[in-house]
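Participant: A single structure is presented below for examination.
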Amino acid sequence: QNFLQMLRFNKSYGNHNVDAFVAHESTEQKFTAISAAAENAILPNTFSLDQYTTPFGRASSYMQGWTLDSYFAQLNYNYNGKYYISASGRRDGSSRFKNNKWDTFGSIGLGWIASKEDFFPTESFVNYLKLKASYGLIGDQGTNLRYGWQIYNINQTPDGSYSFTQSSNLANPDLTWEVVTSTQFGIESSLFNDRLMLDLDYYVKDTKNLFFTQTLPGSSGSASIDYNDGVLRNNG
């Protein structure tokens with residue numbers, strides 16, 4: 001389930017145009033799995049367990065889930081439809097992590113429509129020219145539902161006694177968000193009376209605190225552990 005509360009503002013003051021919002025969003029996802037079996041069907045090829053006379057094995061069920069809480073805001077401003085600035089920030093907290101649930105991310109972008117300037121040649125083959133640049137941080141909480149939390153399996157016997165067995169993956173309570181830092185420069189243009197559209201972009205994307213799974217020696221009592229390490233760069 002998802003809940004979103006947002007407050008938006010939009011106003012123009014002469015050549016100054018402002019659009020902004022602040023928001024809070026909470027997301028919760030849960031799912032439940034149930035399994036049971038029986039044999040000796042009264043009505044063959046049916047799925048209702050009541051149609052079977054003899055229980056088989058032991059019924060089981062479990063529930064898993066995660067939550068994400070986010071506070072974020074954005075401001076967009078332009079002057080006379082010529083100079084643009086956009087800035088955003090957010091604070092996210094994820095139940096997937098134990099000790100480092102919260103982190104802060106944001107971005108800023110600048111744009112300039114040079115073709116609207118008085119000095120831009122009116123008889124140029126370039127009809128529209130926009131220069132732009134941006135920088136931002138984005139967080140990734142991964143796909144594991146229980147980063148940082150140690151899981152124990154319950155072992156049961158027919159007489160009702162029980163014991164606990166630690167899962168093969170050793171918990172790392174200090175796991176935290178992957179962070180992507182992105183820098184981008186580009187142009188947007190229209191040429192020859194809008195017969196040709198030309199857009200060029202160059203970006204550099206660095207990802208740090210990558211999620212890795214490391215195999216552990218048998219003497220540790222665990223098979224593996226997840227941790228944050230390494231940096232990955234993409235550009236083009």
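In the structure tokens, chains take the letters A, B, ... in the order shown, each chain's residues start at 1, and ligands count up from 1 in the order shown.
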Got a sec to tell me which of chain A DSSP assigns to strand (DSSP E or B), as a PyMOL selection string?
Facilitator: chain A and resi 2-13+16-35+38-41+52-55+60-79+83-94+102-113+126-140+152-156+162-166+169-170+178-191+196-208+211-215+224-228+231-235
Participant: Env of Gly186 (chain A): 10 Å cut, atoms = only C-alpha atoms, seq-sep filter 2 positions within chain, self excluded. Answer as a list in words.
Facilitator: Gly111, Lys130, Leu131, Lys132, Ala133, Ser134, Gln184, Glu188, Asp199, Leu200, Asp201, Tyr202 and Tyr203 of chain A
Participant: As a list in words, please: the residues near Asn172 (chain A) (cut-off 9 Å, only C-alpha atoms, same-chain neighbours under 2 positions excluded).
Facilitator: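 Those residues are Lys98, Tyr147, Gly148, Trp149, Gln150, Leu170, Asp174, Leu175, Ile225, Asp226 and Tyr227 of chain A.
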Participant: Given the selection you just returned, output its residues as a file containing N, CA, C and O atoms, formatted as a PDB file, in the first residue's frame.
Facilitator:
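That gives us out_5.pdb:
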```
ATOM      1  N   LYS A  98      19.434  -1.975   8.842  1.00  0.00           N
ATOM      2  CA  LYS A  98      19.265  -1.999  10.291  1.00  0.00           C
ATOM      3  C   LYS A  98      19.831  -0.755  10.957  1.00  0.00           C
ATOM      4  O   LYS A  98      19.109  -0.015  11.625  1.00  0.00           O
ATOM      5  N   TYR A 147      18.243  -6.868   4.439  1.00  0.00           N
ATOM      6  CA  TYR A 147      19.636  -6.461   4.614  1.00  0.00           C
ATOM      7  C   TYR A 147      19.858  -6.093   6.088  1.00  0.00           C
ATOM      8  O   TYR A 147      19.110  -5.305   6.662  1.00  0.00           O
ATOM      9  N   GLY A 148      20.892  -6.665   6.671  1.00  0.00           N
ATOM     10  CA  GLY A 148      21.254  -6.274   8.031  1.00  0.00           C
ATOM     11  C   GLY A 148      20.572  -7.043   9.130  1.00  0.00           C
ATOM     12  O   GLY A 148      20.936  -6.914  10.295  1.00  0.00           O
ATOM     13  N   TRP A 149      19.575  -7.859   8.801  1.00  0.00           N
ATOM     14  CA  TRP A 149      18.837  -8.580   9.831  1.00  0.00           C
ATOM     15  C   TRP A 149      19.178 -10.064   9.758  1.00  0.00           C
ATOM     16  O   TRP A 149      19.068 -10.688   8.711  1.00  0.00           O
ATOM     17  N   GLN A 150      19.534 -10.632  10.908  1.00  0.00           N
ATOM     18  CA  GLN A 150      19.869 -12.053  10.938  1.00  0.00           C
ATOM     19  C   GLN A 150      18.595 -12.883  10.976  1.00  0.00           C
ATOM     20  O   GLN A 150      17.694 -12.628  11.779  1.00  0.00           O
ATOM     21  N   LEU A 170      25.149 -14.559   6.664  1.00  0.00           N
ATOM     22  CA  LEU A 170      25.429 -13.825   7.896  1.00  0.00           C
ATOM     23  C   LEU A 170      24.998 -12.372   7.744  1.00  0.00           C
ATOM     24  O   LEU A 170      25.341 -11.709   6.763  1.00  0.00           O
ATOM     25  N   ASP A 174      25.549  -3.076   9.191  1.00  0.00           N
ATOM     26  CA  ASP A 174      26.047  -1.785   8.716  1.00  0.00           C
ATOM     27  C   ASP A 174      25.808  -1.556   7.225  1.00  0.00           C
ATOM     28  O   ASP A 174      26.267  -0.549   6.673  1.00  0.00           O
ATOM     29  N   LEU A 175      25.111  -2.462   6.553  1.00  0.00           N
ATOM     30  CA  LEU A 175      24.772  -2.240   5.152  1.00  0.00           C
ATOM     31  C   LEU A 175      23.936  -0.983   4.997  1.00  0.00           C
ATOM     32  O   LEU A 175      23.132  -0.634   5.863  1.00  0.00           O
ATOM     33  N   ILE A 225      28.103 -13.386   3.200  1.00  0.00           N
ATOM     34  CA  ILE A 225      27.732 -12.128   3.852  1.00  0.00           C
ATOM     35  C   ILE A 225      27.615 -11.046   2.790  1.00  0.00           C
ATOM     36  O   ILE A 225      28.351 -11.052   1.797  1.00  0.00           O
ATOM     37  N   ASP A 226      26.647 -10.149   2.951  1.00  0.00           N
ATOM     38  CA  ASP A 226      26.466  -9.016   2.039  1.00  0.00           C
ATOM     39  C   ASP A 226      27.185  -7.797   2.608  1.00  0.00           C
ATOM     40  O   ASP A 226      27.177  -7.569   3.823  1.00  0.00           O
ATOM     41  N   TYR A 227      27.757  -6.978   1.708  1.00  0.00           N
ATOM     42  CA  TYR A 227      28.452  -5.780   2.162  1.00  0.00           C
ATOM     43  C   TYR A 227      28.465  -4.737   1.050  1.00  0.00           C
ATOM     44  O   TYR A 227      28.178  -5.033  -0.111  1.00  0.00           O
TER      45      TYR A 227
END
```
Participant: Mind dumping a table of every region 42-69 of chain A residue within 10 Å of region 90-97 of chain A, with the nearest atom pair and its distance in Å to one decimal, using only C-alpha atoms, sorted by chain and rising number, as CSV?
Facilitator:
```
residue,atom,partner,partner_atom,distance
A:Gly65,CA,A:Ser95,CA,9.1
A:Trp66,CA,A:Ser95,CA,5.8
A:Thr67,CA,A:Ser95,CA,5.4
A:Leu68,CA,A:Ser94,CA,4.7
A:Asp69,CA,A:Gly93,CA,5.1
```
Participant: Determine, counting only C-alpha atoms, which protein, DNA and RNA residues have an atom within 9 Å of an atom of Tyr79 (chain A); residues of the same chain fewer than 3 positions away are not included. Present the result as a list in words.
Facilitator: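 After dropping sequence-adjacent residues, the list is Asn15, His16, Asn17, Val18, Lys82, Tyr83 and Tyr84 of chain A.
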Participant: Pick out the residues sitting within 9 Å of region 206-212 of chain A, and hand them over as a list in words; count only C-alpha atoms, and ignore anything fewer than 6 positions along from it in its own chain.
Facilitator: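 What passes the distance filter is Gly142, Leu175, Thr176, Trp177, Glu178, Val179, Val180, Thr181, Ser182, Thr183, Ile225, Asp226, Tyr227, Asn228, Asp229, Gly230, Val231, Leu232, Arg233, Asn234 and Asn235 of chain A.
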Participant: When you look at Gln51 (chain A) with a cut-off of 12 Å (counting only C-alpha atoms), what residues show up, excluding the ones that are within fewer than 4 positions of it in the same chain? I need them as an MDAnalysis selection string.
Facilitator: chainID A and resid 37:47 55
Participant: Quick one: write out the picked residues with N, CA and C atoms as a PDB file, in the first residue's frame?
Facilitator:
```pdb
ATOM      1  N   ALA A  37      -0.704 -29.834   2.132  1.00  0.00           N
ATOM      2  CA  ALA A  37      -0.894 -30.951   1.201  1.00  0.00           C
ATOM      3  C   ALA A  37      -1.759 -32.027   1.853  1.00  0.00           C
ATOM      4  N   ALA A  38      -2.458 -32.802   0.988  1.00  0.00           N
ATOM      5  CA  ALA A  38      -3.262 -33.939   1.440  1.00  0.00           C
ATOM      6  C   ALA A  38      -3.343 -34.937   0.293  1.00  0.00           C
ATOM      7  N   GLU A  39      -3.777 -36.183   0.612  1.00  0.00           N
ATOM      8  CA  GLU A  39      -3.869 -37.224  -0.412  1.00  0.00           C
ATOM      9  C   GLU A  39      -5.172 -37.989  -0.277  1.00  0.00           C
ATOM     10  N   ASN A  40      -5.404 -38.890  -1.230  1.00  0.00           N
ATOM     11  CA  ASN A  40      -6.637 -39.681  -1.318  1.00  0.00           C
ATOM     12  C   ASN A  40      -7.838 -38.786  -1.613  1.00  0.00           C
ATOM     13  N   ALA A  41      -7.962 -38.369  -2.871  1.00  0.00           N
ATOM     14  CA  ALA A  41      -9.014 -37.448  -3.274  1.00  0.00           C
ATOM     15  C   ALA A  41     -10.357 -38.147  -3.401  1.00  0.00           C
ATOM     16  N   ILE A  42     -11.417 -37.477  -2.930  1.00  0.00           N
ATOM     17  CA  ILE A  42     -12.783 -37.934  -3.169  1.00  0.00           C
ATOM     18  C   ILE A  42     -13.201 -37.556  -4.588  1.00  0.00           C
ATOM     19  N   LEU A  43     -12.908 -36.317  -4.953  1.00  0.00           N
ATOM     20  CA  LEU A  43     -13.158 -35.837  -6.312  1.00  0.00           C
ATOM     21  C   LEU A  43     -11.793 -35.545  -6.925  1.00  0.00           C
ATOM     22  N   PRO A  44     -11.326 -36.381  -7.814  1.00  0.00           N
ATOM     23  CA  PRO A  44      -9.985 -36.186  -8.401  1.00  0.00           C
ATOM     24  C   PRO A  44      -9.873 -34.866  -9.154  1.00  0.00           C
ATOM     25  N   ASN A  45      -8.635 -34.400  -9.243  1.00  0.00           N
ATOM     26  CA  ASN A  45      -8.299 -33.202 -10.028  1.00  0.00           C
ATOM     27  C   ASN A  45      -8.989 -31.942  -9.499  1.00  0.00           C
ATOM     28  N   THR A  46      -9.189 -31.870  -8.211  1.00  0.00           N
ATOM     29  CA  THR A  46      -9.711 -30.655  -7.585  1.00  0.00           C
ATOM     30  C   THR A  46      -8.620 -30.068  -6.684  1.00  0.00           C
ATOM     31  N   PHE A  47      -8.761 -28.770  -6.374  1.00  0.00           N
ATOM     32  CA  PHE A  47      -7.730 -28.085  -5.593  1.00  0.00           C
ATOM     33  C   PHE A  47      -8.152 -27.815  -4.159  1.00  0.00           C
ATOM     34  N   PRO A  55      -4.289 -36.035   5.575  1.00  0.00           N
ATOM     35  CA  PRO A  55      -3.257 -34.980   5.536  1.00  0.00           C
ATOM     36  C   PRO A  55      -1.904 -35.567   5.139  1.00  0.00           C
TER      37      PRO A  55
END
```
Participant: List as a PDB file with all heavy atoms, in the first residue's frame the protein and nucleic acid residues near Thr32 (chain A), meaning an atom at most 9 Å away when only C-alpha atoms are counted, but skip any in the same chain fewer than 5 places from it.
Facilitator:
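Saved the output as part_1.pdb:
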```pdb
ATOM      1  N   SER A  61       3.467 -21.637   6.689  1.00  0.00           N
ATOM      2  CA  SER A  61       3.171 -20.305   6.139  1.00  0.00           C
ATOM      3  C   SER A  61       4.197 -19.319   6.670  1.00  0.00           C
ATOM      4  O   SER A  61       4.810 -19.550   7.716  1.00  0.00           O
ATOM      5  CB  SER A  61       1.759 -19.852   6.512  1.00  0.00           C
ATOM      6  OG  SER A  61       1.656 -19.615   7.909  1.00  0.00           O
ATOM      7  N   TYR A  62       4.386 -18.234   5.935  1.00  0.00           N
ATOM      8  CA  TYR A  62       5.260 -17.163   6.401  1.00  0.00           C
ATOM      9  C   TYR A  62       4.847 -15.864   5.715  1.00  0.00           C
ATOM     10  O   TYR A  62       4.148 -15.867   4.687  1.00  0.00           O
ATOM     11  CB  TYR A  62       6.728 -17.473   6.119  1.00  0.00           C
ATOM     12  CG  TYR A  62       7.092 -17.520   4.645  1.00  0.00           C
ATOM     13  CD1 TYR A  62       7.515 -16.375   3.977  1.00  0.00           C
ATOM     14  CD2 TYR A  62       7.005 -18.706   3.934  1.00  0.00           C
ATOM     15  CE1 TYR A  62       7.845 -16.418   2.628  1.00  0.00           C
ATOM     16  CE2 TYR A  62       7.331 -18.752   2.588  1.00  0.00           C
ATOM     17  CZ  TYR A  62       7.750 -17.615   1.946  1.00  0.00           C
ATOM     18  OH  TYR A  62       8.067 -17.649   0.622  1.00  0.00           O
ATOM     19  N   MET A  63       5.277 -14.747   6.292  1.00  0.00           N
ATOM     20  CA  MET A  63       4.970 -13.435   5.731  1.00  0.00           C
ATOM     21  C   MET A  63       6.264 -12.638   5.631  1.00  0.00           C
ATOM     22  O   MET A  63       7.100 -12.683   6.537  1.00  0.00           O
ATOM     23  CB  MET A  63       3.964 -12.676   6.595  1.00  0.00           C
ATOM     24  CG  MET A  63       3.559 -11.317   6.018  1.00  0.00           C
ATOM     25  SD  MET A  63       2.304 -10.473   7.012  1.00  0.00           S
ATOM     26  CE  MET A  63       3.258 -10.104   8.499  1.00  0.00           C
ATOM     27  N   GLN A  64       6.437 -11.928   4.539  1.00  0.00           N
ATOM     28  CA  GLN A  64       7.583 -11.051   4.347  1.00  0.00           C
ATOM     29  C   GLN A  64       7.095  -9.678   3.890  1.00  0.00           C
ATOM     30  O   GLN A  64       5.990  -9.546   3.350  1.00  0.00           O
ATOM     31  CB  GLN A  64       8.547 -11.626   3.299  1.00  0.00           C
ATOM     32  CG  GLN A  64       9.282 -12.866   3.737  1.00  0.00           C
ATOM     33  CD  GLN A  64      10.284 -13.328   2.700  1.00  0.00           C
ATOM     34  OE1 GLN A  64      10.119 -13.111   1.513  1.00  0.00           O
ATOM     35  NE2 GLN A  64      11.346 -13.971   3.158  1.00  0.00           N
ATOM     36  N   GLY A  65       7.931  -8.675   4.077  1.00  0.00           N
ATOM     37  CA  GLY A  65       7.537  -7.340   3.640  1.00  0.00           C
ATOM     38  C   GLY A  65       8.648  -6.333   3.856  1.00  0.00           C
ATOM     39  O   GLY A  65       9.696  -6.633   4.428  1.00  0.00           O
TER      40      GLY A  65
END
```
Participant: When distances are computed from only C-alpha atoms, which of A:Ala20, A:Gly109, A:Lys205, A:Ala223 shows the smallest separation from Gln166 (chain A)?
Facilitator: A:Ala223
Participant: To one decimal place, how far is CA of Leu75 (chain A) from CA of Ser107 (chain A) in Å?
Facilitator: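 For CA of Leu75 (chain A) relative to CA of Ser107 (chain A), the distance reads 10.6 Å.
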Participant: With only C-alpha atoms as the atoms that count, which of A:Ser189, A:Gln1, A:Val126, A:Tyr152 lies nearest to Gln29 (chain A)?
Facilitator: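 Closest candidate: A:Gln1.
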Participant: Which residue is closest to Gln156 (chain A)? Choose from A:Thr27, A:Asn144, A:Ser60, A:Thr53 and count only C-alpha atoms.
Facilitator: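 Of A:Thr27, A:Asn144, A:Ser60, A:Thr53, the one nearest Gln156 (chain A), counting only C-alpha atoms, is A:Ser60.
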Participant: For each of A:Ser124, A:Asn2, A:Ser12, A:Asn76, take the minimum atom-to-atom distance to Leu110 (chain A), counting only C-alpha atoms, then give the residue where this is smallest.
Facilitator: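 Checking each of A:Ser124, A:Asn2, A:Ser12, A:Asn76 against Leu110 (chain A), counting only C-alpha atoms, the winner is A:Asn76.
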